[in-house]
Amino acid sequence: MSSRVEGRQPGRAAARGGVAVGLVCTLVLVGAGYVAWELRGIAAHRADGDPARGVYQQDPEKADRTASAVLDGIAREPTEPPADGGAFAAADAVDWRSGGWEPSDPLEARPAPAEPAVGALFSPGNDGDPDHHCSGVVVHSPLGDLVATAAHCVYGGGFRTNLAFAPGYRDGIAPYGVWVPTRIDVDPRWTADEDPDVDIAFLRLRRPGHPGQRLEDVTGATTIAFGTELPAPTRLVGYPNASEQPLDCRTTARPAGPTQVRLDCADVPNGTSGGPVLTDGHTLVGVIGGLDGGGDDETSYSIRFGDRVRALHERATRP
């Protein structure tokens, strides 16, 4: 997940005397230059937007440049899209309806086929992240242009201006195109102090060069549910930032206090933040994120989709 903190060994430099101290000082000087360069890259891809409301209207020219950057050597679009667009995880939905759902055994994430409505979230440029740093999922909306992800994937010291979404991404191919935000909505509590209880964002997207095309018509969409009773059988899906295909895991969503959902499953790494937590095969009940930046090597988290998420969703889908 994009913000998970890796474990660190205790420092031992003090036991090595002056040589170690000199080496550390040299590394600090070199590292300072690198950090300054990286910070400049990050600042170049941030905008204030309207933090009091938690809204950013994307600059169309910046968005178009981002799409071009993704398509210029990171991913490519096929001449013809696959014929399976518009259906979401149909086989998985059948398992749920027939009562055949079972948790993953062992309870570990494994590589999975790409799905049209789940994709990788890219942020090209010198912003300190890999090419695709998070995940997202298409959500049904009146205008057919909505994606859900984690707030920490799109806002940190400002709204990211270099975002692009590739639904169904696999092995350098964006089979359903590269889409960029027209607007980003997060809860104002996230822009104020990055409250982990509101780690959710909604993005409205368009596809440069294809005016009038609706994302949902191309990929299909999940439906969103609020106040889902827990525990519940779920499936989480996401794109590790070091992998060119998604992974998934079937597990049981359990309450972790009044505002968070716990999802026990090992080997869900960085990059999966923002990926969907699904029940009934196609119903979105969470996105990977929330507590501890989304979790650790054994457990993932999502915020609970209650009244605050409902209100944010209604705002994001308002024409």
# chains A, B, ... in the order shown; residues from 1 in each chain; ligands from 1
$ residues_around --residues "region 171-177 of chain A" --least-positions-apart "5" --cutoff "7 Å" --atoms "only C-alpha atoms" --output "PDB file with N, CA and C atoms, in the first residue's frame"
ATOM      1  N   ILE A  74       5.280   4.017 -20.688  1.00  0.00           N
ATOM      2  CA  ILE A  74       4.885   3.296 -19.480  1.00  0.00           C
ATOM      3  C   ILE A  74       3.836   2.238 -19.808  1.00  0.00           C
ATOM      4  N   ALA A  75       2.820   2.631 -20.544  1.00  0.00           N
ATOM      5  CA  ALA A  75       1.742   1.718 -20.930  1.00  0.00           C
ATOM      6  C   ALA A  75       1.299   2.071 -22.335  1.00  0.00           C
ATOM      7  N   ARG A  76       0.639   1.134 -22.964  1.00  0.00           N
ATOM      8  CA  ARG A  76       0.109   1.412 -24.299  1.00  0.00           C
ATOM      9  C   ARG A  76      -1.315   0.903 -24.401  1.00  0.00           C
ATOM     10  N   GLU A  77      -2.078   1.544 -25.276  1.00  0.00           N
ATOM     11  CA  GLU A  77      -3.444   1.144 -25.538  1.00  0.00           C
ATOM     12  C   GLU A  77      -3.489   0.265 -26.786  1.00  0.00           C
ATOM     13  N   PRO A  78      -4.211  -0.850 -26.751  1.00  0.00           N
ATOM     14  CA  PRO A  78      -4.351  -1.662 -27.966  1.00  0.00           C
ATOM     15  C   PRO A  78      -5.223  -0.948 -28.989  1.00  0.00           C
ATOM     16  N   PRO A  81     -10.245  -2.464 -28.081  1.00  0.00           N
ATOM     17  CA  PRO A  81     -10.402  -2.910 -26.692  1.00  0.00           C
ATOM     18  C   PRO A  81     -10.871  -4.348 -26.633  1.00  0.00           C
ATOM     19  N   PRO A  82     -10.622  -5.035 -25.518  1.00  0.00           N
ATOM     20  CA  PRO A  82     -11.110  -6.416 -25.371  1.00  0.00           C
ATOM     21  C   PRO A  82     -12.632  -6.468 -25.488  1.00  0.00           C
ATOM     22  N   ALA A 166      -5.708   3.415 -15.290  1.00  0.00           N
ATOM     23  CA  ALA A 166      -5.723   2.441 -16.377  1.00  0.00           C
ATOM     24  C   ALA A 166      -6.531   1.227 -15.936  1.00  0.00           C
ATOM     25  N   VAL A 218     -17.467   1.410 -20.877  1.00  0.00           N
ATOM     26  CA  VAL A 218     -16.347   0.636 -21.392  1.00  0.00           C
ATOM     27  C   VAL A 218     -15.990  -0.525 -20.464  1.00  0.00           C
ATOM     28  N   GLU A 244       3.103  -6.097 -12.452  1.00  0.00           N
ATOM     29  CA  GLU A 244       2.349  -5.632 -13.609  1.00  0.00           C
ATOM     30  C   GLU A 244       1.022  -6.365 -13.757  1.00  0.00           C
ATOM     31  N   GLN A 245       0.576  -7.005 -12.679  1.00  0.00           N
ATOM     32  CA  GLN A 245      -0.741  -7.615 -12.676  1.00  0.00           C
ATOM     33  C   GLN A 245      -1.317  -7.518 -11.266  1.00  0.00           C
TER      34      GLN A 245
END
$ residues_around --residues "Gly274 (chain A)" --least-positions-apart "3" --cutoff "7 Å" --atoms "only C-alpha atoms" --output "list in words"
Cys134, Ser135, Gly136, Thr149, Ala150, Val287, Ile288 and Gly289 of chain A
$ residues_around --residues "Leu146 (chain A)" --least-positions-apart "3" --cutoff "7 Å" --atoms "only C-alpha atoms" --output "MDAnalysis selection string"
chainID A and resid 138:141 202:205
$ closest_atom_pairs --of "region 104-137 of chain A" --to "region 222-242 of chain A" --cutoff "9 Å" --atoms "only C-alpha atoms" --output "CSV"
residue,atom,partner,partner_atom,distance
A:Ala109,CA,A:Leu236,CA,8.8
A:Ala112,CA,A:Val237,CA,8.5
A:Ala117,CA,A:Thr222,CA,7.4
A:Val118,CA,A:Gly238,CA,7.8
A:Gly119,CA,A:Tyr239,CA,7.5
A:Ala120,CA,A:Tyr239,CA,6.1
A:Leu121,CA,A:Tyr239,CA,8.8
A:Asp129,CA,A:Asn241,CA,8.9
A:Pro130,CA,A:Asn241,CA,6.4
A:Asp131,CA,A:Asn241,CA,7.7
A:His132,CA,A:Asn241,CA,5.8
A:His133,CA,A:Asn241,CA,5.5
A:Cys134,CA,A:Tyr239,CA,6.9
A:Ser135,CA,A:Gly238,CA,5.6
A:Gly136,CA,A:Gly238,CA,7.7
A:Val137,CA,A:Thr222,CA,7.6
$ atom_distance --atom1 "CA of Val309 (chain A)" --atom2 "CA of Thr272 (chain A)"
20.1 Å
$ residues_around --residues "Asp267 (chain A)" --least-positions-apart "5" --cutoff "8 Å" --atoms "only C-alpha atoms" --output "MDAnalysis selection string"
chainID A and resid 108:109 297:298
$ select_by_dssp --residues "region 57-300 of chain A" --states "alpha helix (DSSP H)" --output "mmCIF file with C-alpha atoms, in the first residue's frame"
data_model
loop_
_atom_site.group_PDB
_atom_site.id
_atom_site.type_symbol
_atom_site.label_atom_id
_atom_site.label_comp_id
_atom_site.auth_asym_id
_atom_site.auth_seq_id
_atom_site.Cartn_x
_atom_site.Cartn_y
_atom_site.Cartn_z
ATOM 1 C CA PRO A 60 -7.283 19.915 -18.402
ATOM 2 C CA GLU A 61 -3.870 20.664 -19.907
ATOM 3 C CA LYS A 62 -2.037 19.098 -16.952
ATOM 4 C CA ALA A 63 -4.312 16.078 -17.156
ATOM 5 C CA ASP A 64 -3.655 15.658 -20.876
ATOM 6 C CA ARG A 65 0.102 15.857 -20.280
ATOM 7 C CA THR A 66 -0.210 13.157 -17.627
ATOM 8 C CA ALA A 67 -2.047 10.840 -20.009
ATOM 9 C CA SER A 68 0.622 11.455 -22.656
ATOM 10 C CA ALA A 69 3.372 10.684 -20.124
ATOM 11 C CA VAL A 70 1.752 7.334 -19.259
ATOM 12 C CA LEU A 71 1.338 6.430 -22.923
ATOM 13 C CA ALA A 90 -19.092 -12.375 -13.339
ATOM 14 C CA ALA A 91 -17.649 -15.741 -12.258
ATOM 15 C CA ASP A 92 -16.979 -14.448 -8.765
ATOM 16 C CA ALA A 93 -20.533 -13.129 -8.496
ATOM 17 C CA VAL A 94 -21.876 -16.583 -9.356
ATOM 18 C CA ASP A 95 -19.829 -18.105 -6.522
ATOM 19 C CA TRP A 96 -21.468 -15.764 -4.021
ATOM 20 C CA ARG A 97 -25.015 -16.283 -5.263
ATOM 21 C CA PRO A 188 -12.306 17.943 4.454
ATOM 22 C CA ARG A 189 -11.085 16.045 7.517
ATOM 23 C CA TRP A 190 -8.510 14.447 5.226
ATOM 24 C CA THR A 191 -7.211 17.730 3.829
ATOM 25 C CA ALA A 192 -7.125 19.180 7.360
ATOM 26 C CA ASP A 193 -5.100 16.487 9.133
ATOM 27 C CA LEU A 215 -15.799 5.021 -18.440
ATOM 28 C CA GLU A 216 -18.583 2.833 -17.087
ATOM 29 C CA ASP A 217 -19.808 2.002 -20.589
ATOM 30 C CA VAL A 218 -16.347 0.636 -21.392
ATOM 31 C CA THR A 219 -15.518 -1.250 -18.179
#
$ residues_around --residues "Trp179 (chain A)" --least-positions-apart "3" --cutoff "7 Å" --atoms "only C-alpha atoms" --output "short mmCIF file (atom, residue, chain, number, x, y, z; two decimals) with N, CA and C atoms, in the first residue's frame"
data_model
loop_
_atom_site.label_atom_id
_atom_site.label_comp_id
_atom_site.auth_asym_id
_atom_site.auth_seq_id
_atom_site.Cartn_x
_atom_site.Cartn_y
_atom_site.Cartn_z
N ALA A 164 -3.40 9.33 -13.35
CA ALA A 164 -4.06 8.68 -14.48
C ALA A 164 -4.47 7.28 -14.06
N PHE A 165 -5.60 6.83 -14.56
CA PHE A 165 -6.17 5.53 -14.19
C PHE A 165 -6.23 4.64 -15.42
N ALA A 166 -5.71 3.42 -15.29
CA ALA A 166 -5.72 2.44 -16.38
C ALA A 166 -6.53 1.23 -15.94
N LEU A 205 -13.65 11.01 -14.08
CA LEU A 205 -12.62 10.82 -15.09
C LEU A 205 -13.13 11.05 -16.51
N ARG A 206 -12.20 11.38 -17.39
CA ARG A 206 -12.45 11.44 -18.83
C ARG A 206 -11.27 10.80 -19.54
N ARG A 207 -11.46 10.45 -20.80
CA ARG A 207 -10.40 9.84 -21.59
C ARG A 207 -9.95 10.83 -22.66
N PRO A 208 -8.75 11.37 -22.54
CA PRO A 208 -8.27 12.33 -23.53
C PRO A 208 -8.32 11.73 -24.94
#
$ closest_residue --among "A:Arg46, A:Arg110, A:Arg183, A:Arg214" --to "Arg160 (chain A)" --atoms "only C-alpha atoms"
A:Arg46
$ select_by_dssp --residues "region 157-212 of chain A" --states "strand (DSSP E)" --output "list in words"
Phe159, Arg160, Ala164, Phe165, Ala166, Pro167, Val180, Pro181, Thr182, Arg183, Ile184, Asp185, Val186, Ala201, Phe202, Leu203, Arg204, Leu205 and Arg206 of chain A
$ closest_residue --among "A:Pro181, A:Pro124, A:Gly295, A:Pro142" --to "Val55 (chain A)" --atoms "only C-alpha atoms"
A:Pro181
$ atom_distance --atom1 "CA of Glu194 (chain A)" --atom2 "CA of Ile303 (chain A)"
13.0 Å
$ atom_distance --atom1 "CA of Gly158 (chain A)" --atom2 "CA of Pro51 (chain A)"
8.2 Å
$ residues_around --residues "Ala151 (chain A)" --least-positions-apart "5" --cutoff "6 Å" --atoms "only C-alpha atoms" --output "MDAnalysis selection string"
chainID A and resid 199:201
$ residues_around --residues "Pro103 (chain A)" --least-positions-apart "5" --cutoff "8 Å" --atoms "only C-alpha atoms" --output "CSV table (one decimal) with N, CA and C atoms, in the first residue's frame"
chain,number,residue,atom,x,y,z
A,233,PRO,N,-18.3,-11.9,4.1
A,233,PRO,CA,-17.3,-12.4,3.2
A,233,PRO,C,-17.0,-11.4,2.2
A,249,CYS,N,-7.5,-11.6,-2.8
A,249,CYS,CA,-7.6,-12.4,-1.6
A,249,CYS,C,-9.0,-12.4,-1.1
A,250,ARG,N,-9.5,-13.6,-0.8
A,250,ARG,CA,-10.9,-13.7,-0.2
A,250,ARG,C,-10.7,-13.9,1.3
A,251,THR,N,-11.4,-13.0,2.0
A,251,THR,CA,-11.2,-13.1,3.5
A,251,THR,C,-12.5,-12.6,4.1
A,252,THR,N,-12.6,-12.5,5.4
A,252,THR,CA,-13.8,-12.1,6.1
A,252,THR,C,-13.5,-10.7,6.6
